[in-house]
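Structure first, then comments.
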Amino acid sequence: MDPSSIALQGLQQAEYQLDAAAAGIAGAGGGSANENNVDVVDLSSQMLTMTSAQTQYEADLATLKTADQVEQNLVNLTG
C-alpha cells in the first residue's frame, strides 16, 4: 500500500469516529435515561473521542500532503 491510500483510510476512520461521538452527544435527549429520568451521556468520553479523531485527521492530512510533495519531487527529478 502506498502512503496516500493509508492516509485516506485514516481520514475515513477519523470521520467515522467523529460521527459516532457526535451521534452520541446528539442522541442524549431522546435515548436512555437513568432511574431519576435524567438523560445520561459521558461528555468527557465523547469529547476525548472527538479530540482524538481531530488529531488523527490532522496527522493523516499531513501524511497525505507529504506523500504529494514526495511524488512531486520525484516527477521534478525525472522530468
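Ordering of the C-alpha cells sets the chain letters (A, B, ...); residue numbers start at 1 within each chain; ligands are numbered from 1 in the order shown.
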If we count only C-alpha atoms and set the cut-off at 10 Å, which residues sit around Ala59 in chain A, ignoring sequence neighbours fewer than 6 positions away in its own chain? Please answer as a short mmCIF file (atom, residue, chain, number, x, y, z; two decimals) with C-alpha atoms, in the first residue's frame.
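After the write, out.cif holds the following:
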```cif
data_model
loop_
_atom_site.label_atom_id
_atom_site.label_comp_id
_atom_site.auth_asym_id
_atom_site.auth_seq_id
_atom_site.Cartn_x
_atom_site.Cartn_y
_atom_site.Cartn_z
CA ALA A 7 -3.72 8.32 4.84
CA GLY A 10 -7.12 7.10 8.24
CA LEU A 11 -9.16 10.15 7.22
CA ALA A 53 -10.47 12.00 15.77
CA LYS A 65 0.49 16.37 1.91
#
```
If you count only C-alpha atoms, which residues fall within 9 Å of Gln13 in chain A, apart from same-chain ones fewer than 5 positions away, as JSON, numbers by chain? {"A": [8, 18, 53, 56, 57]}
Run DSSP on the backbone and tell me which residues of chain A come out as helix (DSSP H, G or I); list them as a VMD selection string. chain A and resid 3 to 29 43 to 78
Neighbours of Asp2 in chain A within 12 Å (only C-alpha atoms; same-chain residues fewer than 6 positions away dropped), as a CSV table (one decimal) with N, CA and C atoms, in the first residue's frame?
```csv
chain,number,residue,atom,x,y,z
A,8,LEU,N,-5.7,8.2,3.4
A,8,LEU,CA,-7.1,8.3,3.1
A,8,LEU,C,-7.9,7.4,3.9
A,9,GLN,N,-7.5,6.2,4.2
A,9,GLN,CA,-8.2,5.3,5.1
A,9,GLN,C,-8.2,5.9,6.5
A,63,THR,N,0.3,13.6,6.4
A,63,THR,CA,0.9,12.4,5.7
A,63,THR,C,0.5,12.5,4.2
A,64,LEU,N,-0.7,12.9,3.9
A,64,LEU,CA,-1.2,13.0,2.5
A,64,LEU,C,-0.4,14.1,1.8
A,67,ALA,N,3.2,13.0,1.2
A,67,ALA,CA,3.3,12.0,0.1
A,67,ALA,C,3.1,12.7,-1.2
A,68,ASP,N,2.3,13.7,-1.3
A,68,ASP,CA,2.1,14.5,-2.5
A,68,ASP,C,3.4,15.3,-2.8
A,70,VAL,N,6.5,14.4,-2.0
A,70,VAL,CA,7.5,13.4,-2.4
A,70,VAL,C,7.3,13.0,-3.8
A,71,GLU,N,6.0,12.8,-4.2
A,71,GLU,CA,5.7,12.4,-5.6
A,71,GLU,C,6.0,13.5,-6.5
```
So that I can see what lies close to Asp42 in chain A, please list as a PyMOL selection string the residues with an atom at most 12 Å from it, counting only C-alpha atoms and leaving out residues fewer than 2 positions away in the same chain. chain A and resi 21-22+24-28+39-40+44-49
Please produce an output containing all heavy atoms for each residue in the selection, written as a tab-separated table (two decimals), in the first residue's frame.
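Everything below was put into out35.tsv:
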```tsv
chain	number	residue	atom	x	y	z
A	21	ALA	N	-19.16	9.98	17.81
A	21	ALA	CA	-19.17	10.82	19.00
A	21	ALA	C	-20.26	11.87	18.92
A	21	ALA	O	-20.97	12.13	19.90
A	21	ALA	CB	-17.80	11.48	19.19
A	22	ALA	N	-20.42	12.47	17.74
A	22	ALA	CA	-21.46	13.49	17.57
A	22	ALA	C	-22.85	12.87	17.74
A	22	ALA	O	-23.73	13.48	18.36
A	22	ALA	CB	-21.34	14.14	16.19
A	24	GLY	N	-23.55	10.30	19.57
A	24	GLY	CA	-23.70	10.02	20.99
A	24	GLY	C	-24.13	11.24	21.78
A	24	GLY	O	-24.98	11.17	22.67
A	25	ILE	N	-23.55	12.38	21.43
A	25	ILE	CA	-23.91	13.63	22.10
A	25	ILE	C	-25.31	14.08	21.68
A	25	ILE	O	-26.13	14.44	22.51
A	25	ILE	CB	-22.87	14.73	21.79
A	25	ILE	CG1	-21.53	14.37	22.45
A	25	ILE	CG2	-23.35	16.09	22.29
A	25	ILE	CD1	-20.38	15.26	22.04
A	26	ALA	N	-25.59	14.01	20.39
A	26	ALA	CA	-26.89	14.46	19.88
A	26	ALA	C	-28.03	13.57	20.37
A	26	ALA	O	-29.15	14.04	20.59
A	26	ALA	CB	-26.88	14.49	18.36
A	27	GLY	N	-27.76	12.29	20.55
A	27	GLY	CA	-28.79	11.36	20.97
A	27	GLY	C	-29.07	11.39	22.47
A	27	GLY	O	-29.91	10.64	22.96
A	28	ALA	N	-28.41	12.26	23.20
A	28	ALA	CA	-28.57	12.29	24.65
A	28	ALA	C	-29.99	12.69	25.07
A	28	ALA	O	-30.47	12.27	26.10
A	28	ALA	CB	-27.57	13.26	25.27
A	39	ASP	N	-31.38	12.17	31.42
A	39	ASP	CA	-30.58	11.65	30.31
A	39	ASP	C	-29.12	11.58	30.73
A	39	ASP	O	-28.60	12.48	31.38
A	39	ASP	CB	-30.71	12.55	29.09
A	39	ASP	CG	-32.09	12.52	28.49
A	39	ASP	OD1	-32.73	11.46	28.57
A	39	ASP	OD2	-32.54	13.54	27.94
A	40	VAL	N	-28.46	10.49	30.31
A	40	VAL	CA	-27.07	10.28	30.69
A	40	VAL	C	-26.22	10.14	29.43
A	40	VAL	O	-26.53	9.34	28.56
A	40	VAL	CB	-26.92	9.00	31.54
A	40	VAL	CG1	-25.46	8.75	31.87
A	40	VAL	CG2	-27.75	9.10	32.80
A	44	SER	N	-17.32	13.74	28.68
A	44	SER	CA	-15.86	13.73	28.66
A	44	SER	C	-15.34	12.64	27.73
A	44	SER	O	-14.38	12.86	26.99
A	44	SER	CB	-15.30	13.55	30.07
A	44	SER	OG	-15.72	12.33	30.63
A	45	SER	N	-15.99	11.50	27.72
A	45	SER	CA	-15.60	10.42	26.83
A	45	SER	C	-15.84	10.80	25.37
A	45	SER	O	-15.00	10.55	24.49
A	45	SER	CB	-16.36	9.14	27.17
A	45	SER	OG	-16.09	8.14	26.23
A	46	GLN	N	-16.99	11.41	25.10
A	46	GLN	CA	-17.32	11.82	23.73
A	46	GLN	C	-16.36	12.92	23.25
A	46	GLN	O	-15.93	12.92	22.09
A	46	GLN	CB	-18.77	12.31	23.64
A	46	GLN	CG	-19.79	11.26	24.00
A	46	GLN	CD	-19.75	10.02	23.11
A	46	GLN	OE1	-19.26	10.05	22.00
A	46	GLN	NE2	-20.26	8.93	23.62
A	47	MET	N	-16.02	13.86	24.13
A	47	MET	CA	-15.08	14.92	23.75
A	47	MET	C	-13.68	14.36	23.52
A	47	MET	O	-12.97	14.80	22.61
A	47	MET	CB	-15.04	16.02	24.82
A	47	MET	CG	-16.29	16.88	24.85
A	47	MET	SD	-16.63	17.69	23.26
A	47	MET	CE	-15.21	18.74	23.09
A	48	LEU	N	-13.28	13.38	24.31
A	48	LEU	CA	-12.00	12.73	24.11
A	48	LEU	C	-11.96	12.03	22.75
A	48	LEU	O	-10.97	12.12	22.02
A	48	LEU	CB	-11.73	11.73	25.23
A	48	LEU	CG	-10.39	11.01	25.18
A	48	LEU	CD1	-9.24	12.00	25.28
A	48	LEU	CD2	-10.31	10.00	26.30
A	49	THR	N	-13.06	11.36	22.40
A	49	THR	CA	-13.16	10.71	21.10
A	49	THR	C	-13.08	11.73	19.97
A	49	THR	O	-12.39	11.52	18.97
A	49	THR	CB	-14.46	9.90	21.00
A	49	THR	OG1	-14.47	8.91	22.03
A	49	THR	CG2	-14.59	9.22	19.65
```
